[in-house]
$ cat coords.cif   # mmCIF, C-alpha atoms
data_entry
#
loop_
_atom_site.label_atom_id
_atom_site.label_comp_id
_atom_site.auth_asym_id
_atom_site.auth_seq_id
_atom_site.Cartn_x
_atom_site.Cartn_y
_atom_site.Cartn_z
CA MET A 1 0.00 0.00 0.00
CA SER A 2 1.12 3.56 -0.42
CA LEU A 3 -1.10 5.98 1.47
CA LEU A 4 1.86 7.61 3.24
CA VAL A 5 4.64 7.50 0.65
CA GLY A 6 6.89 10.52 1.08
CA LYS A 7 5.44 11.35 4.50
CA VAL A 8 7.36 11.62 7.76
CA CYS A 9 5.43 10.34 10.75
CA LEU A 10 6.47 10.74 14.40
CA VAL A 11 5.01 8.30 16.92
CA SER A 12 5.59 8.72 20.65
CA GLY A 13 5.55 5.60 22.78
CA ALA A 14 6.47 3.67 19.64
CA GLY A 15 8.28 0.74 21.26
CA GLN A 16 5.35 -1.42 22.30
CA GLY A 17 1.60 -1.95 22.19
CA LEU A 18 -0.49 0.49 20.20
CA GLY A 19 2.50 2.71 19.35
CA ARG A 20 4.36 -0.23 17.83
CA SER A 21 1.30 -1.25 15.81
CA ILE A 22 0.75 2.30 14.55
CA SER A 23 4.42 2.59 13.59
CA LEU A 24 4.45 -0.71 11.69
CA GLU A 25 1.27 0.19 9.81
CA MET A 26 2.54 3.65 8.88
CA ALA A 27 5.75 2.10 7.57
CA ALA A 28 3.75 -0.47 5.61
CA GLU A 29 1.90 2.47 4.02
CA GLY A 30 5.22 3.95 2.88
CA ALA A 31 5.99 6.52 5.56
CA THR A 32 9.36 7.20 7.08
CA VAL A 33 8.54 6.57 10.72
CA VAL A 34 10.29 8.40 13.52
CA LEU A 35 10.03 6.31 16.67
CA LEU A 36 10.04 8.26 19.93
CA GLU A 37 10.54 5.82 22.79
CA LEU A 38 11.74 5.94 26.39
CA ASP A 39 13.24 2.44 26.21
CA PRO A 40 16.08 2.37 23.65
CA LYS A 41 15.82 -1.43 23.30
CA THR A 42 12.16 -1.48 22.29
CA GLY A 43 12.56 1.56 20.02
CA SER A 44 15.49 -0.09 18.24
CA ALA A 45 13.59 -3.38 17.97
CA VAL A 46 10.65 -1.70 16.21
CA ALA A 47 13.05 0.17 13.91
CA ALA A 48 14.69 -3.16 13.04
CA GLU A 49 11.27 -4.69 12.30
CA ILE A 50 10.43 -1.82 9.98
CA ASP A 51 13.82 -1.99 8.25
CA ALA A 52 13.54 -5.79 7.83
CA ALA A 53 10.17 -5.31 6.13
CA GLY A 54 11.71 -2.85 3.66
CA GLY A 55 10.50 0.30 5.41
CA LYS A 56 12.30 3.34 6.75
CA ALA A 57 12.59 4.22 10.43
CA LEU A 58 14.62 6.38 12.77
CA SER A 59 14.57 5.69 16.49
CA PHE A 60 15.14 8.33 19.17
CA THR A 61 15.34 7.65 22.88
CA LEU A 62 13.07 10.24 24.45
CA ASP A 63 11.23 10.95 27.67
CA VAL A 64 8.30 12.97 26.32
CA THR A 65 8.39 15.16 29.44
CA ASP A 66 11.94 16.33 28.65
CA TYR A 67 10.84 19.21 26.45
CA ASP A 68 14.33 20.48 25.65
CA ARG A 69 15.28 17.02 24.35
CA TYR A 70 11.94 16.76 22.53
CA ALA A 71 12.70 20.07 20.76
CA GLU A 72 16.17 18.78 19.82
CA VAL A 73 14.65 15.62 18.32
CA VAL A 74 12.06 17.60 16.33
CA ASN A 75 14.78 19.91 15.00
CA ASP A 76 16.99 16.91 14.17
CA VAL A 77 14.14 15.29 12.23
CA ILE A 78 13.50 18.51 10.31
CA GLY A 79 17.23 18.79 9.58
CA LYS A 80 17.53 15.18 8.37
CA LEU A 81 14.17 14.63 6.68
CA GLY A 82 12.99 18.17 5.91
CA ARG A 83 9.46 17.77 7.20
CA ILE A 84 7.03 16.28 9.71
CA ASP A 85 3.67 15.31 8.27
CA VAL A 86 2.09 13.39 11.14
CA LEU A 87 2.54 13.35 14.90
CA VAL A 88 0.86 10.58 16.87
CA ASN A 89 0.76 11.49 20.56
CA ASN A 90 0.60 7.96 21.93
CA ALA A 91 3.05 7.81 24.86
CA ALA A 92 1.21 7.16 28.12
CA ILE A 93 1.40 5.45 31.45
CA ASN A 94 -1.37 3.79 33.39
CA PRO A 95 -0.30 3.50 37.00
CA PRO A 96 -1.50 0.67 39.21
CA THR A 97 -5.13 0.89 40.19
CA ARG A 98 -5.50 3.46 42.92
CA THR A 99 -8.36 5.40 44.39
CA ILE A 100 -8.27 8.86 45.89
CA LEU A 101 -7.48 7.13 49.19
CA THR A 102 -4.22 5.58 47.96
CA ASP A 103 -3.13 7.86 45.11
CA THR A 104 -0.42 10.47 45.74
CA LEU A 105 0.07 13.93 44.33
CA GLU A 106 3.35 12.71 42.81
CA ASP A 107 1.47 9.90 40.99
CA TRP A 108 -1.13 12.38 39.75
CA ARG A 109 1.46 14.84 38.46
CA ARG A 110 3.65 12.25 36.71
CA THR A 111 0.66 10.67 34.97
CA SER A 112 -0.68 14.08 33.95
CA MET A 113 2.72 15.17 32.63
CA ILE A 114 3.16 12.11 30.43
CA ASN A 115 -0.44 11.55 29.38
CA LEU A 116 -1.64 15.12 28.87
CA GLU A 117 1.03 17.81 29.16
CA ALA A 118 3.38 16.00 26.75
CA VAL A 119 0.52 15.83 24.22
CA TYR A 120 0.33 19.62 24.32
CA MET A 121 4.10 20.11 24.16
CA GLY A 122 4.66 17.60 21.35
CA SER A 123 1.93 19.33 19.37
CA LYS A 124 3.39 22.75 20.13
CA LEU A 125 6.82 21.64 18.95
CA VAL A 126 5.71 20.20 15.59
CA ALA A 127 2.85 22.59 14.71
CA PRO A 128 5.07 25.48 13.50
CA HIS A 129 6.84 23.13 11.08
CA MET A 130 3.52 21.83 9.79
CA VAL A 131 2.22 25.36 9.27
CA ALA A 132 5.42 26.33 7.43
CA GLN A 133 5.14 23.34 5.09
CA GLY A 134 1.44 23.95 4.41
CA GLY A 135 -0.14 21.26 6.57
CA GLY A 136 0.08 18.11 8.60
CA ARG A 137 -1.86 15.97 11.02
CA ILE A 138 -1.67 15.62 14.79
CA ILE A 139 -3.37 12.58 16.28
CA HIS A 140 -3.96 12.21 20.01
CA ILE A 141 -4.57 8.76 21.49
CA ALA A 142 -7.20 8.94 24.22
CA SER A 143 -9.22 6.23 25.97
CA ILE A 144 -12.78 5.27 26.77
CA GLN A 145 -11.71 6.00 30.36
CA GLY A 146 -11.73 9.68 29.38
CA PHE A 147 -15.50 9.42 28.80
CA ALA A 148 -16.61 6.85 31.36
CA SER A 149 -14.22 6.57 34.28
CA SER A 150 -14.07 3.36 36.27
CA GLY A 151 -13.55 5.30 39.49
CA GLU A 152 -9.99 4.03 39.79
CA CYS A 153 -6.83 5.45 38.21
CA GLY A 154 -8.19 8.97 38.51
CA SER A 155 -5.07 10.63 37.12
CA TYR A 156 -5.14 8.43 34.01
CA ASN A 157 -8.85 9.02 33.48
CA ALA A 158 -8.53 12.78 33.97
CA ALA A 159 -5.59 13.02 31.56
CA LYS A 160 -7.39 11.02 28.85
CA GLY A 161 -10.48 13.18 29.36
CA GLY A 162 -8.26 16.22 29.00
CA ILE A 163 -6.97 14.89 25.67
CA ILE A 164 -10.54 14.48 24.45
CA ALA A 165 -11.37 18.04 25.48
CA TYR A 166 -8.13 19.37 23.95
#
$ encode --input "coords.cif" --output "structure tokens"
Amino acid sequence: MSLLVGKVCLVSGAGQGLGRSISLEMAAEGATVVLLELDPKTGSAVAAEIDAAGGKALSFTLDVTDYDRYAEVVNDVIGKLGRIDVLVNNAAINPPTRTILTDTLEDWRRTSMINLEAVYMGSKLVAPHMVAQGGGRIIHIASIQGFASSGECGSYNAAKGGIIAY
């Protein structure tokens, strides 16, 4: 297939689960996929899968809450590939099930930083490049928990609801 030939697609949280699947599919559609992953082993493994299938991938080790590093990666991608056509804000954590009685402020803040704030910052970092090139797409991965919370994992549910509202 060739829906994304010539496109450069960034995927955060690309080393496993949904991020891995999105990355592999984008590569199968012809995109050059930029893998943003906290774990260098899983990011490299997905890049190797894409390369073995005849696709193109670059892997960057990145904590999406390190905004200076995130900006460096975006600028590096623009320097090497000349464009960013798609950003998939997928990186997320889902801490162990906790209620308001056992959750901590530190848990809440870390989950909110990764699951919501980094969505904003990633978008803010790539949007100027997309505007300059005449367009692009930013995709945010949310969750049904953002609509209908289970009553547990409040920080996760609130962050995913925030993505939906954003």
$ residues_around --input "coords.cif" --residues "Gly82 in chain A" --least-positions-apart "5" --cutoff "10 Å" --atoms "all atoms listed in the file" --output "list in words"
Val8, Asn75, Asp76, Val77, His129 and Gln133 of chain A
$ resolve_selection --input "coords.cif" --expression "the PyMOL selection byres ((chain A and resi 104-111) around 7)" --output "MDAnalysis selection string"
chainID A and resid 93 102:103 112:115 155:156
$ atom_distance --input "coords.cif" --atom1 "CA of Ala159 in chain A" --atom2 "CA of Asp66 in chain A"
18.1 Å
$ residues_around --input "coords.cif" --residues "Gly54 in chain A" --least-positions-apart "4" --cutoff "10 Å" --atoms "all atoms listed in the file" --output "PyMOL selection string"
chain A and resi 27-28+30+48-50
$ residues_near_point --input "coords.cif" --point "(7.5, 4.6, 19.9)" --cutoff "8 Å" --atoms "only C-alpha atoms" --output "ChimeraX atom specification"
/A:11-16,19-20,23,34-38,43,46,59,90-91
$ closest_residue --input "coords.cif" --among "A:Arg69, A:Lys124, A:Arg137, A:Lys56" --to "Leu24 in chain A" --atoms "only C-alpha atoms"
A:Lys56
$ atom_distance --input "coords.cif" --atom1 "CA of Ala57 in chain A" --atom2 "CA of Gly6 in chain A"
12.6 Å
$ residues_around --input "coords.cif" --residues "Val86 in chain A" --least-positions-apart "3" --cutoff "6 Å" --atoms "all atoms listed in the file" --output "list in words"
Cys9, Gly136, Arg137 and Ile138 of chain A
$ atom_distance --input "coords.cif" --atom1 "CA of Leu58 in chain A" --atom2 "CA of Gly135 in chain A"
21.9 Å
$ closest_residue --input "coords.cif" --among "A:Pro95, A:Leu4, A:Asp51, A:Val126" --to "Cys153 in chain A" --atoms "all atoms listed in the file"
A:Pro95
$ residues_near_point --input "coords.cif" --point "(-5.7, 3.3, 40.2)" --cutoff "6 Å" --atoms "all atoms listed in the file" --output "ChimeraX atom specification"
/A:96-99,152-153
$ closest_residue --input "coords.cif" --among "A:Asp85, A:Asp39, A:Asp63, A:Glu29" --to "Ala118 in chain A" --atoms "only C-alpha atoms"
A:Asp63
